[in-house]
Amino acid sequence: MSKNGKAKVLCVDDEAGVLESLSRLLKKDFEVFTAPTAEQGLEIAKNHLDLAVVVSDYRMPGMNGVEFLRHMKQLCPTAARTILSGQIDINELSHAINSAEIHRFFLKPWENDYLKLQIHEAVQTHINLSEKTHFKYLSLTDPVTGLMNHRFFQDELKKCLEQNDKVALIMLDVDHFKSFNDRYGHPEGDRLLAQMGEMLKAQVKLPATASRYGGEEFAIILPKAGDKYAMTFAENLRKLLAETPLVGPGRDAFITASLGIAVYPKDSGSASDLIQKADAAMYLSKGQGRNRTTRHQADTQKD
Ligand SMILES: [Mg+2]
């Protein structure tokens with residue numbers, strides 16, 4: 001939505017006359033952006049990720065309409081994607097529709113009232129897509145910390161092992177959290193976890209992900225990382241956590257964490273076993289006095 005409450009519509013066509021007509025037709029109901037090429041359309045979209053509808057010509061110099069909308073699906077997944085064209089390769093059109101790359105197809109020349117109505121309906125498609133995305137987001141995030149949740153973590157780890165040559169897994173458990181909770185109550189405990197969530201979000205950047213594994217335990221997946229990188233990453237995180245004052249009950253709270261690392265495929269080839277090994281390494285950190293990082297034992301014995 002733009003500031004004036006109008007849904008944003010991006011029109012892309014290599015004919016200036018078409019863009020002018022569309023702009024005139026739609027600007028009363030929508031905030032309209034126009035671009036003469038797909039490449040320029042993508043540039044506009046990068047600055048307006050909340051686009052509601054994209055209306056694209058099919059035949060354009062450079063990238064064609066279907067390719068353009070394929071990119072748009074990645075860039076603005078909730079924008080309704082439509083093609084407005086005089087002619088299109090029927091095989092390509094049906095493929096694009098079947099693979100959900102485009103939602104609607106309109107023929108040139110168009111009838112003004114009909115097209116306007118269709119764009120309004122496409123805005124509804126956009127709203128439905130946004131809601132779906134929002135529900136999916138809610139089902140995969142942890143409300144206390146704002147991090148990804150256990151369900152996301154399990155799927156993400158399996159996916160990462162399939163797609164990467166190596167993956168490091170860090171398990172992180174807050175030290176003495178139970179006594180903190182017993183002493184100050186669960187709302188204070190949750191406030192601490194929320195601040196940890198903020199810190200982890202700031203430190204763990206995509207493609208790496210941080211999830212709340214459960215309770216006061218967090219899991220960080222580092223795709224493409226070996227044990228050296230994972231150890232440096234974990235140690236930096238551990239030190240930062242120990243040194244950063246959090247807002248506690250009536251005063252600053254300093255907390256520490258114990259961390260464990262296991263690396264795929266060196267330590268294990270399966271997701272569940274990798275979790276177990278990183279977890280076991282984390283418990284070694286606990287046993288050795290907490291506020292430390294331990295690599296899976298097979299590694300530590302080798303060094
Ligand atoms: Mg054209």
# chains A, B, ... in the order shown; residues from 1 in each chain; ligands from 1
call {"tool": "residues_around", "arguments": {"residues": "A:Gln154", "least_positions_apart": "5", "cutoff": "9 Å", "atoms": "only C-alpha atoms", "output": "ChimeraX atom specification"}}
result
/A:149,159,271-272
call {"tool": "write_last_selection", "arguments": {"atoms": "C-alpha atoms", "output": "PDB file, in the first residue's frame"}}
result
ATOM      1  CA  ASN A 149      10.783 -22.210  15.690  1.00  0.00           C
ATOM      2  CA  LYS A 159      17.159 -28.980   3.446  1.00  0.00           C
ATOM      3  CA  ALA A 271      20.208 -34.342  10.565  1.00  0.00           C
ATOM      4  CA  SER A 272      19.007 -36.055  13.735  1.00  0.00           C
TER       5      SER A 272
END
call {"tool": "residues_near_ligand", "arguments": {"ligand": "ligand 1", "cutoff": "9 Å", "atoms": "only C-alpha atoms and all ligand atoms", "output": "list of chain:residue names"}}
result
A:Asp13, A:Asp14, A:Glu15, A:Asp57, A:Tyr58, A:Arg59, A:Met60, A:Pro61, A:Asn64, A:Gly65, A:Ser85, A:Gly86
call {"tool": "closest_residue", "arguments": {"among": "A:Met199, A:Asn291, A:Pro223, A:Gly17", "to": "A:Pro245", "atoms": "only C-alpha atoms"}}
result
A:Met199
call {"tool": "residues_around", "arguments": {"residues": "A:Asn91", "least_positions_apart": "6", "cutoff": "12 Å", "atoms": "only C-alpha atoms", "output": "PyMOL selection string"}}
result
chain A and resi 66+97-98
call {"tool": "closest_residue", "arguments": {"among": "A:Glu31, A:Asp155, A:Asp190, A:Asp113", "to": "A:Asp142", "atoms": "only C-alpha atoms"}}
result
A:Asp190
call {"tool": "residues_around", "arguments": {"residues": "A:Gly248", "least_positions_apart": "4", "cutoff": "12 Å", "atoms": "only C-alpha atoms", "output": "list of chain:residue names"}}
result
A:Phe180, A:Asn181, A:Arg183, A:Tyr184, A:Gly185, A:Pro187, A:Glu188, A:Gly189, A:Asp190, A:Arg191, A:Leu192, A:Leu193, A:Ala194, A:Gln195, A:Thr244, A:Asp252, A:Ala253, A:Phe254, A:Ile255
call {"tool": "write_last_selection", "arguments": {"atoms": "C-alpha atoms", "output": "PDB file, in the first residue's frame"}}
result
ATOM      1  CA  PHE A 180      16.780 -17.420  36.911  1.00  0.00           C
ATOM      2  CA  ASN A 181      13.206 -18.451  36.096  1.00  0.00           C
ATOM      3  CA  ARG A 183      13.913 -16.774  41.179  1.00  0.00           C
ATOM      4  CA  TYR A 184      12.333 -14.077  39.025  1.00  0.00           C
ATOM      5  CA  GLY A 185       9.426 -15.843  37.330  1.00  0.00           C
ATOM      6  CA  PRO A 187       7.740 -13.371  32.446  1.00  0.00           C
ATOM      7  CA  GLU A 188      11.234 -12.112  33.353  1.00  0.00           C
ATOM      8  CA  GLY A 189      12.692 -15.263  31.826  1.00  0.00           C
ATOM      9  CA  ASP A 190      10.767 -14.629  28.624  1.00  0.00           C
ATOM     10  CA  ARG A 191      12.003 -11.033  28.561  1.00  0.00           C
ATOM     11  CA  LEU A 192      15.560 -12.337  28.700  1.00  0.00           C
ATOM     12  CA  LEU A 193      14.896 -14.831  25.903  1.00  0.00           C
ATOM     13  CA  ALA A 194      13.343 -12.055  23.802  1.00  0.00           C
ATOM     14  CA  GLN A 195      16.517  -9.983  24.153  1.00  0.00           C
ATOM     15  CA  THR A 244      26.304  -7.520  26.855  1.00  0.00           C
ATOM     16  CA  ASP A 252      21.079  -5.283  34.251  1.00  0.00           C
ATOM     17  CA  ALA A 253      21.298  -9.023  33.814  1.00  0.00           C
ATOM     18  CA  PHE A 254      24.423 -10.702  32.500  1.00  0.00           C
ATOM     19  CA  ILE A 255      23.929 -14.158  31.141  1.00  0.00           C
TER      20      ILE A 255
END
call {"tool": "residues_around", "arguments": {"residues": "stretch 34-48 of chain A", "least_positions_apart": "5", "cutoff": "6 Å", "atoms": "only C-alpha atoms", "output": "ChimeraX atom specification"}}
result
/A:10-14,63,68
call {"tool": "write_last_selection", "arguments": {"atoms": "N, CA, C and O atoms", "output": "PDB file, in the first residue's frame"}}
result
ATOM      1  N   LEU A  10       2.442  -2.078 -10.945  1.00  0.00           N
ATOM      2  CA  LEU A  10       3.565  -1.821 -11.846  1.00  0.00           C
ATOM      3  C   LEU A  10       3.210  -2.304 -13.248  1.00  0.00           C
ATOM      4  O   LEU A  10       2.838  -3.468 -13.425  1.00  0.00           O
ATOM      5  N   CYS A  11       3.299  -1.416 -14.237  1.00  0.00           N
ATOM      6  CA  CYS A  11       3.022  -1.783 -15.625  1.00  0.00           C
ATOM      7  C   CYS A  11       4.324  -1.747 -16.422  1.00  0.00           C
ATOM      8  O   CYS A  11       5.057  -0.754 -16.364  1.00  0.00           O
ATOM      9  N   VAL A  12       4.583  -2.820 -17.154  1.00  0.00           N
ATOM     10  CA  VAL A  12       5.801  -2.892 -17.950  1.00  0.00           C
ATOM     11  C   VAL A  12       5.428  -3.192 -19.398  1.00  0.00           C
ATOM     12  O   VAL A  12       4.754  -4.195 -19.681  1.00  0.00           O
ATOM     13  N   ASP A  13       5.830  -2.323 -20.299  1.00  0.00           N
ATOM     14  CA  ASP A  13       5.539  -2.537 -21.721  1.00  0.00           C
ATOM     15  C   ASP A  13       6.524  -1.695 -22.524  1.00  0.00           C
ATOM     16  O   ASP A  13       6.872  -0.585 -22.119  1.00  0.00           O
ATOM     17  N   ASP A  14       6.983  -2.233 -23.654  1.00  0.00           N
ATOM     18  CA  ASP A  14       7.953  -1.472 -24.442  1.00  0.00           C
ATOM     19  C   ASP A  14       7.282  -0.410 -25.310  1.00  0.00           C
ATOM     20  O   ASP A  14       7.966   0.391 -25.936  1.00  0.00           O
ATOM     21  N   MET A  63      14.515  -9.099 -21.763  1.00  0.00           N
ATOM     22  CA  MET A  63      13.773 -10.133 -21.055  1.00  0.00           C
ATOM     23  C   MET A  63      12.298 -10.114 -21.470  1.00  0.00           C
ATOM     24  O   MET A  63      11.692  -9.047 -21.528  1.00  0.00           O
ATOM     25  N   PHE A  68      10.325 -12.173 -16.946  1.00  0.00           N
ATOM     26  CA  PHE A  68      10.235 -11.063 -16.002  1.00  0.00           C
ATOM     27  C   PHE A  68       9.388 -11.446 -14.788  1.00  0.00           C
ATOM     28  O   PHE A  68       9.786 -11.227 -13.638  1.00  0.00           O
TER      29      PHE A  68
END
call {"tool": "residues_around", "arguments": {"residues": "A:Glu156", "least_positions_apart": "5", "cutoff": "12 Å", "atoms": "only C-alpha atoms", "output": "ChimeraX atom specification"}}
result
/A:140,148-151,161-164,167,169,207-211,219-223,271
call {"tool": "select_by_dssp", "arguments": {"residues": "stretch 6-227 of chain A", "states": "strand (DSSP E or B)", "output": "PyMOL selection string"}}
result
chain A and resi 8-12+31-35+53-56+80-85+104-107+141+148+167-174+209-214+217-223
call {"tool": "residues_around", "arguments": {"residues": "stretch 172-174 of chain A", "least_positions_apart": "5", "cutoff": "8 Å", "atoms": "only C-alpha atoms", "output": "list in words"}}
result
Glu216, Glu217, Phe218, Ala219, Ile220, Ile255, Thr256, Ala257, Ser258, Leu259, Gly260 and Met282 of chain A
call {"tool": "closest_residue", "arguments": {"among": "A:Val9, A:Val204, A:Leu147, A:Met196", "to": "A:Val247", "atoms": "only C-alpha atoms"}}
result
A:Met196
call {"tool": "closest_residue", "arguments": {"among": "A:Asp29, A:Gly289, A:Val54, A:Leu237", "to": "A:Asp175", "atoms": "only C-alpha atoms"}}
result
A:Gly289
call {"tool": "select_by_dssp", "arguments": {"residues": "stretch 130-283 of chain A", "states": "helix (DSSP H, G or I)", "output": "JSON, numbers by chain"}}
result
{"A": [130, 131, 132, 133, 134, 135, 136, 137, 138, 139, 140, 150, 151, 152, 153, 154, 155, 156, 157, 158, 159, 160, 161, 162, 163, 177, 178, 179, 180, 181, 182, 183, 184, 186, 187, 188, 189, 190, 191, 192, 193, 194, 195, 196, 197, 198, 199, 200, 201, 202, 203, 227, 228, 229, 230, 231, 232, 233, 234, 235, 236, 237, 238, 239, 240, 241, 242, 243, 271, 272, 273, 274, 275, 276, 277, 278, 279, 280, 281, 282, 283]}
call {"tool": "closest_residue", "arguments": {"among": "A:Pro77, A:Tyr264, A:Leu69, A:His126", "to": "A:Lys8", "atoms": "only C-alpha atoms"}}
result
A:His126
call {"tool": "atom_distance", "arguments": {"atom1": "atom CA of A:Ser130", "atom2": "atom CA of A:Leu206"}}
result
21.8 Å
